[in-house]
There are 2 protein chains.
Amino acid sequence: MKKATGKAPAKMADIARLAGVSESTVSRALAGSTLVAKRKREEIVAIARERGYVINSAARNLRLRRSEAISVVIPLGHEAGQPLTDPFFVEMLGHLADEITQRGYGVLVQKMLPPMDAWLPRLIASRRSDGIVVIGHSTGHAALEAAAAAYQPLIVWGGDAAARRYCTVGTDNLGGARTGVEHLIRLGRRKILFFGDPSTAELRLRLEGYRLALSEATTALDREQVVPTLPTPDAAYEAMRTFIGRQRPFDAVFAGSDLIAISALRALSAAGLRVPQDVAVVGFDDIALAAHTHPALTTLRQDIRRGAKTLVDLVFRRMGGEDAPSATLPAELIVRESCGATRR
Amino acid sequence: MKKATGKAPAKMADIARLAGVSESTVSRALAGSTLVAKRKREEIVAIARERGYVINSAARNLRLRRSEAISVVIPLGHEAGQPLTDPFFVEMLGHLADEITQRGYGVLVQKMLPPMDAWLPRLIASRRSDGIVVIGHSTGHAALEAAAAAYQPLIVWGGDAAARRYCTVGTDNLGGARTGVEHLIRLGRRKILFFGDPSTAELRLRLEGYRLALSEATTALDREQVVPTLPTPDAAYEAMRTFIGRQRPFDAVFAGSDLIAISALRALSAAGLRVPQDVAVVGFDDIALAAHTHPALTTLRQDIRRGAKTLVDLVFRRMGGEDAPSATLPAELIVRESCGATRR
DNA sequence: TTGAAAGCGCTACCAC
DNA sequence: GTGGTAGCGCTTTCAA
């Protein structure tokens, strides 16, 4: 195997020699320190640029005891071995990358399989990143609690800030779901299903919101009915198909996520049920696709960009030693076609 | 601002003291070197584990002159400022993360805006990663050519291996498109549109495949007709809507990507055109959603997992100094409902 | 305003 | 088999 032999990259000492100054001065000049005479500073910077010199980050990081990188952790539950399928997480990842990059930090992506307690501490101890953002179905609460106790700059995207001791950012899942179901009730729907996987924290909260809306309704409704499903399109499609086969009457589906709602749309259509005439459907997330389904999906928008901004803001504040608090973001009802109009 | 004061993490010297050996021995033991007596080695490893000791990667990397990380670069063209929208790239990112993580390397995600020539060299010089994988509509050929000349471990996901001097991995876009269009012709379609953005290298090749299929057809066909569009759902929807409004007759759409095909599906349906009865549609990529549209989308599958595997395989081989060659992967026609059956 | 020197935490070359 | 030692390339006192 022939060894790659690119010429060794310039180091700071080389630039120092070229500029006829000491390494210290180059270091200061490159950092923009006013300690260095302006003229000299500019000269040094010019030489460095011309030579394509870039500071060796390993050396810098070792010296500074930081990495200038943030880990973005994507816990994989059911989808182990799969690529991230949920567009929501993907959009989140994109926004996080934007926010982090903007601050001059690197983004270290970590796909993580349970159990989390095995490697979250390792990730922290390795010091490969200065802060950690965990997105996704937050499994492994215990591991998070434990890690957070000794490590500040850890922020988790998730639903229930109140119940946790670690810092979280999340949408108001309960309130959002409640709003969505209330909307269905207002439109005259009476037999409303909850369709989703209540084993994750966020979906549990949405289920709670669904229940709350049902219980507080002033009109006579069918009692709650939960159709569980794994959060993948195929599983959701099958689950809905099976449910329809059971012939239990229903006139609305409140889905735990848009991805699931879209599968429901397909299953309903395949079974000859019209949306929204026969069955109204409401999703959660407002992924890009939601506006483009047929019929267009009514859903609860999570403001991902703002979520990402908040997440990153909090990690940086905590990296600075501040004890930044958890945050909850509102969900916004986006009315499109799939929920139908008022029934007489 | 209160400074975070987690207790300083253990370093190798601490473990050495605890184990009553030298730092060298700890280093060797942790690396699993057989130079250290087995008994002693296990003892040291046990102590390290017990103390939650993890090697400081900055120090290790500085010493070893490598970073144990791969940069995955996502060039953003039209979608600047947007999160990555195309599910194809996202799936690719997921698989890349899997492959890279599996080899014990970190994944450094870089979203990059043109111009590439400004920061590709910087990325290389910063040594934050040992290799670079560029995915996405490969813009900036010149910058890639220039960078690749002096830097081996750079692999680009893209279409036309032949035309480039840098190492690429990609699907046989031309052949795939040709297969898809031939299929439409075989099914009796005569007025076939190409729908997509021919400004990117990959789409250009698909367009070429489309042309080839038309020109080689043995039946009388309408001449080529290209409906250009930016690669976002909204733009594609509008473009198709506008085109339909012009009333030029057509009975099939060959779309440059699934995302575009799905938008076409919507626009056709909104215009009262039935798929596949009135218009057949074929996409490209086979994203997860393709099987779930209504009607289900006929498309050309790109084997993303294999693509990612190949990409990562090549970077690692090149990191090892090997002069690994470009690779082209076949596209597979996945026949579903949107192309219809043979017309009499 | 500048330079010398110490050292961040690790690995690998030597000598024993 | 094991330990001393010399750096990897940078930043930052400290002294001038």
# chains A, B, ... in the order shown; residues from 1 in each chain; ligands from 1
$ closest_atom_pairs --of "chain C" --to "chain B" --cutoff "12 Å" --atoms "only C-alpha atoms (C1' of nucleotides)" --output "tab-separated table"
residue	atom	partner	partner_atom	distance
C:DC8	C1'	B:Ala59	CA	7.7
C:DG9	C1'	B:Ala59	CA	5.0
C:DC10	C1'	B:Arg60	CA	5.0
C:DT11	C1'	B:Arg63	CA	6.4
C:DA12	C1'	B:Ser24	CA	8.9
C:DC13	C1'	B:Ser24	CA	11.3
$ residues_around --residues "A:Glu332" --least-positions-apart "3" --cutoff "8 Å" --atoms "only C-alpha atoms (C1' of nucleotides)" --output "PyMOL selection string"
chain A and resi 176+300-302
$ write_last_selection --atoms "N, CA and C atoms" --output "mmCIF file, in the first residue's frame"
data_model
loop_
_atom_site.group_PDB
_atom_site.id
_atom_site.type_symbol
_atom_site.label_atom_id
_atom_site.label_comp_id
_atom_site.auth_asym_id
_atom_site.auth_seq_id
_atom_site.Cartn_x
_atom_site.Cartn_y
_atom_site.Cartn_z
ATOM 1 N N GLY A 176 -50.723 21.223 22.162
ATOM 2 C CA GLY A 176 -50.916 21.150 20.722
ATOM 3 C C GLY A 176 -51.934 20.083 20.358
ATOM 4 N N LEU A 300 -50.352 20.113 13.409
ATOM 5 C CA LEU A 300 -49.854 21.050 14.412
ATOM 6 C C LEU A 300 -48.390 21.310 14.147
ATOM 7 N N ARG A 301 -48.091 22.532 13.847
ATOM 8 C CA ARG A 301 -46.726 22.868 13.471
ATOM 9 C C ARG A 301 -45.816 22.996 14.666
ATOM 10 N N GLN A 302 -44.685 22.296 14.574
ATOM 11 C CA GLN A 302 -43.618 22.532 15.525
ATOM 12 C C GLN A 302 -42.653 23.487 14.823
#
$ interface_residues --of "chain D" --to "chain B" --cutoff "12 Å" --atoms "only C-alpha atoms (C1' of nucleotides)" --output "list of chain:residue names"
D:DG1, D:DT2, D:DG3, D:DG4, D:DT5, D:DA6, D:DG7, D:DC8, D:DG9, D:DC10
$ closest_residue --among "B:Gln225, B:Gln247, B:Ser263, B:Thr218" --to "chain A" --atoms "only C-alpha atoms"
B:Ser263
$ atom_distance --atom1 "atom CA of B:Leu193" --atom2 "atom CA of B:Val253"
4.8 Å
$ select_by_dssp --residues "stretch 29-217 of chain B" --states "strand (DSSP E)" --output "PyMOL selection string"
chain B and resi 69-75+106-112+131-134+154-157+167-171+192-196
$ closest_residue --among "A:Ile185, A:Ala261, A:Leu314, A:Leu108" --to "chain B" --atoms "only C-alpha atoms"
A:Leu108
$ closest_residue --among "A:Pro276, A:Gly140, A:Gly52, A:Gly131" --to "A:Gln152" --atoms "only C-alpha atoms"
A:Gly131
